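Novice: So here's work-v4.cif (mmCIF, C-alpha atoms, pLDDT in the B column; chains and numbers go by the auth columns).
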```cif
data_coords
loop_
_atom_site.group_PDB
_atom_site.id
_atom_site.type_symbol
_atom_site.label_atom_id
_atom_site.label_comp_id
_atom_site.label_asym_id
_atom_site.label_seq_id
_atom_site.Cartn_x
_atom_site.Cartn_y
_atom_site.Cartn_z
_atom_site.B_iso_or_equiv
_atom_site.auth_seq_id
_atom_site.auth_asym_id
ATOM 1 C CA MET A 1 19.857 15.847 36.949 50.00 1 K
ATOM 2 C CA THR A 2 21.467 13.280 34.654 59.00 2 K
ATOM 3 C CA ALA A 3 21.013 13.282 30.924 57.00 3 K
ATOM 4 C CA LYS A 4 20.376 10.023 29.130 59.00 4 K
ATOM 5 C CA ALA A 5 22.606 9.173 26.218 59.00 5 K
ATOM 6 C CA GLY A 6 21.422 7.881 22.867 57.00 6 K
ATOM 7 C CA ALA A 7 18.505 8.526 20.615 55.00 7 K
ATOM 8 C CA ILE A 8 15.099 9.478 21.902 58.00 8 K
ATOM 9 C CA SER A 9 12.924 6.394 22.068 61.00 9 K
ATOM 10 C CA HIS A 10 9.257 6.382 21.214 64.00 10 K
ATOM 11 C CA ASN A 11 6.644 5.676 23.828 70.00 11 K
ATOM 12 C CA ALA A 12 5.939 2.004 24.324 71.00 12 K
ATOM 13 C CA MET A 13 2.908 0.872 22.374 79.00 13 K
ATOM 14 C CA ASN A 14 0.647 -2.068 23.014 88.00 14 K
ATOM 15 C CA TRP A 15 0.542 -4.489 20.061 88.00 15 K
ATOM 16 C CA HIS A 16 -3.259 -4.356 19.993 90.00 16 K
ATOM 17 C CA GLU A 17 -3.314 -0.546 19.954 91.00 17 K
ATOM 18 C CA ILE A 18 -1.502 -0.299 16.624 91.00 18 K
ATOM 19 C CA GLU A 19 -3.714 1.062 13.861 93.00 19 K
ATOM 20 C CA TRP A 20 -3.007 -1.615 11.273 94.00 20 K
ATOM 21 C CA GLY A 21 -4.907 0.184 8.522 94.00 21 K
ATOM 22 C CA LYS A 22 -2.551 3.155 8.773 95.00 22 K
ATOM 23 C CA VAL A 23 0.464 0.853 8.950 95.00 23 K
ATOM 24 C CA HIS A 24 -0.582 -0.934 5.749 96.00 24 K
ATOM 25 C CA CYS A 25 -1.239 2.385 3.990 95.00 25 K
ATOM 26 C CA GLU A 26 2.148 3.817 4.947 96.00 26 K
ATOM 27 C CA VAL A 27 4.026 0.696 3.846 96.00 27 K
ATOM 28 C CA ARG A 28 2.108 0.552 0.541 97.00 28 K
ATOM 29 C CA ARG A 29 2.788 4.248 -0.067 97.00 29 K
ATOM 30 C CA LEU A 30 6.525 3.799 0.483 97.00 30 K
ATOM 31 C CA GLN A 31 6.537 0.693 -1.726 97.00 31 K
ATOM 32 C CA ALA A 32 4.787 2.634 -4.495 97.00 32 K
ATOM 33 C CA ARG A 33 7.381 5.410 -4.227 97.00 33 K
ATOM 34 C CA ILE A 34 10.150 2.812 -4.498 98.00 34 K
ATOM 35 C CA VAL A 35 8.568 1.393 -7.672 98.00 35 K
ATOM 36 C CA LYS A 36 8.242 4.856 -9.229 98.00 36 K
ATOM 37 C CA ALA A 37 11.841 5.740 -8.397 98.00 37 K
ATOM 38 C CA THR A 38 13.015 2.404 -9.851 98.00 38 K
ATOM 39 C CA GLN A 39 11.098 2.990 -13.077 97.00 39 K
ATOM 40 C CA ALA A 40 12.608 6.468 -13.330 97.00 40 K
ATOM 41 C CA GLY A 41 16.115 5.087 -12.746 96.00 41 K
ATOM 42 C CA ARG A 42 16.663 7.206 -9.618 97.00 42 K
ATOM 43 C CA TRP A 43 18.819 4.675 -7.790 97.00 43 K
ATOM 44 C CA GLY A 44 19.864 7.012 -4.984 97.00 44 K
ATOM 45 C CA LYS A 45 16.212 7.736 -4.247 97.00 45 K
ATOM 46 C CA VAL A 46 15.454 3.998 -4.377 97.00 46 K
ATOM 47 C CA ARG A 47 18.140 3.297 -1.792 98.00 47 K
ATOM 48 C CA SER A 48 17.000 6.078 0.519 97.00 48 K
ATOM 49 C CA LEU A 49 13.363 4.965 0.313 97.00 49 K
ATOM 50 C CA GLN A 50 14.295 1.338 0.964 97.00 50 K
ATOM 51 C CA ARG A 51 16.278 2.445 3.991 97.00 51 K
ATOM 52 C CA LEU A 52 13.357 4.553 5.175 96.00 52 K
ATOM 53 C CA LEU A 53 10.954 1.626 4.778 96.00 53 K
ATOM 54 C CA THR A 54 13.142 -0.895 6.597 95.00 54 K
ATOM 55 C CA ARG A 55 13.835 1.473 9.497 95.00 55 K
ATOM 56 C CA SER A 56 10.325 2.855 9.891 95.00 56 K
ATOM 57 C CA PHE A 57 8.071 1.720 12.722 93.00 57 K
ATOM 58 C CA SER A 58 5.397 0.730 10.206 94.00 58 K
ATOM 59 C CA GLY A 59 7.795 -1.391 8.174 95.00 59 K
ATOM 60 C CA LYS A 60 9.119 -3.175 11.241 95.00 60 K
ATOM 61 C CA ALA A 61 5.691 -3.700 12.815 94.00 61 K
ATOM 62 C CA LEU A 62 4.198 -5.107 9.614 95.00 62 K
ATOM 63 C CA ALA A 63 7.193 -7.426 9.124 94.00 63 K
ATOM 64 C CA VAL A 64 6.811 -8.783 12.658 94.00 64 K
ATOM 65 C CA LYS A 65 3.066 -9.213 12.163 94.00 65 K
ATOM 66 C CA ARG A 66 3.561 -11.149 8.923 92.00 66 K
ATOM 67 C CA VAL A 67 6.086 -13.485 10.531 91.00 67 K
ATOM 68 C CA THR A 68 4.146 -14.101 13.740 91.00 68 K
ATOM 69 C CA GLU A 69 0.797 -14.655 12.033 89.00 69 K
ATOM 70 C CA ASN A 70 2.205 -16.933 9.320 84.00 70 K
ATOM 71 C CA GLN A 71 0.806 -20.420 9.814 80.00 71 K
ATOM 72 C CA GLY A 72 3.049 -21.841 7.133 80.00 72 K
ATOM 73 C CA LYS A 73 2.036 -24.408 4.585 74.00 73 K
ATOM 74 C CA HIS A 74 2.387 -28.111 5.143 65.00 74 K
ATOM 75 C CA LEU A 75 4.432 -29.328 2.215 60.00 75 K
ATOM 76 C CA ASN A 76 4.718 -32.856 3.536 61.00 76 K
ATOM 77 C CA SER A 77 1.467 -34.821 3.483 58.00 77 K
ATOM 78 C CA SER A 78 2.721 -37.060 6.294 57.00 78 K
ATOM 79 C CA VAL A 79 2.579 -34.293 8.895 55.00 79 K
ATOM 80 C CA GLY A 80 0.638 -35.494 11.908 59.00 80 K
ATOM 81 C CA LYS A 81 0.700 -39.138 10.841 60.00 81 K
ATOM 82 C CA THR A 82 2.538 -41.841 12.761 62.00 82 K
ATOM 83 C CA ALA A 83 5.149 -44.005 11.109 59.00 83 K
ATOM 84 C CA SER A 84 4.090 -47.567 10.509 55.00 84 K
#
```
Can you present the structure in this file as structure tokens?
Specialist:
Amino acid sequence: MTAKAGAISHNAMNWHEIEWGKVHCEVRRLQARIVKATQAGRWGKVRSLQRLLTRSFSGKALAVKRVTENQGKHLNSSVGKTAS
């Protein structure tokens, strides 16, 4: 029997099986804790919470969702028009 090296990975999850309501709640909760710690001047706590948020599954999943679902905004009115 061979042992695998490295950290234990989580089970693979289908993108459509993610409970987005829970993901949003967890991210909002961590963001609220960061705001409270900032207002209290607890900079060590702020750093640890920011690290927790950026490394959490919820934080990563929500970041990917925001990027992939972003349609962008057309700033140039000539998009889709041919040059004359």
Novice: Using Å and a single decimal, report how far atom CA of Ile34 of chain K sits from atom CA of Val46 of chain K.
Specialist: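 Value for the atom CA of Val46 of chain K-atom CA of Ile34 of chain K distance: 5.4 Å.
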Novice: Since I can't run it myself right now, could you work out what the PyMOL selection byres ((chain K and resi 20) around 12) selects here and report it as a VMD selection string?
Specialist: chain K and resid 15 to 19 21 to 27 57 to 59 61 to 63 65 to 66
Novice: One number please: atom CA of Leu52 of chain K to atom CA of Glu69 of chain K, in Å, one decimal.
Specialist: 24.0 Å
Novice: Which residue, K:Val64, K:Arg55, K:Gln71, K:Leu49, has the smallest gap to Arg29 of chain K when you use only C-alpha atoms?
Specialist: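 Of the candidates, the smallest distance to Arg29 of chain K is held by K:Leu49.
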Novice: Could you please determine the separation between atom CA of Thr54 of chain K and atom CA of Asn14 of chain K in Å, to one decimal place?
Specialist: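 It comes out at 20.7 Å.
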Novice: Build an axis-aligned box that encloses every atom of segment 46-60 of chain K listed in the file, pad it by 3 Å on each side, and report its centre and edge lengths in Å to one decimal, as JSON.
Specialist:
```
{"center_x": 11.8, "center_y": 1.5, "center_z": 4.2, "size_x": 18.7, "size_y": 15.3, "size_z": 23.1}
```
Novice: So, with only C-alpha atoms as the atoms that count, which of K:Leu30, K:Ala12, K:Val67, K:Lys36 lies closest to Gln50 of chain K?
Specialist: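 Among the listed residues, K:Leu30 lies closest to Gln50 of chain K.
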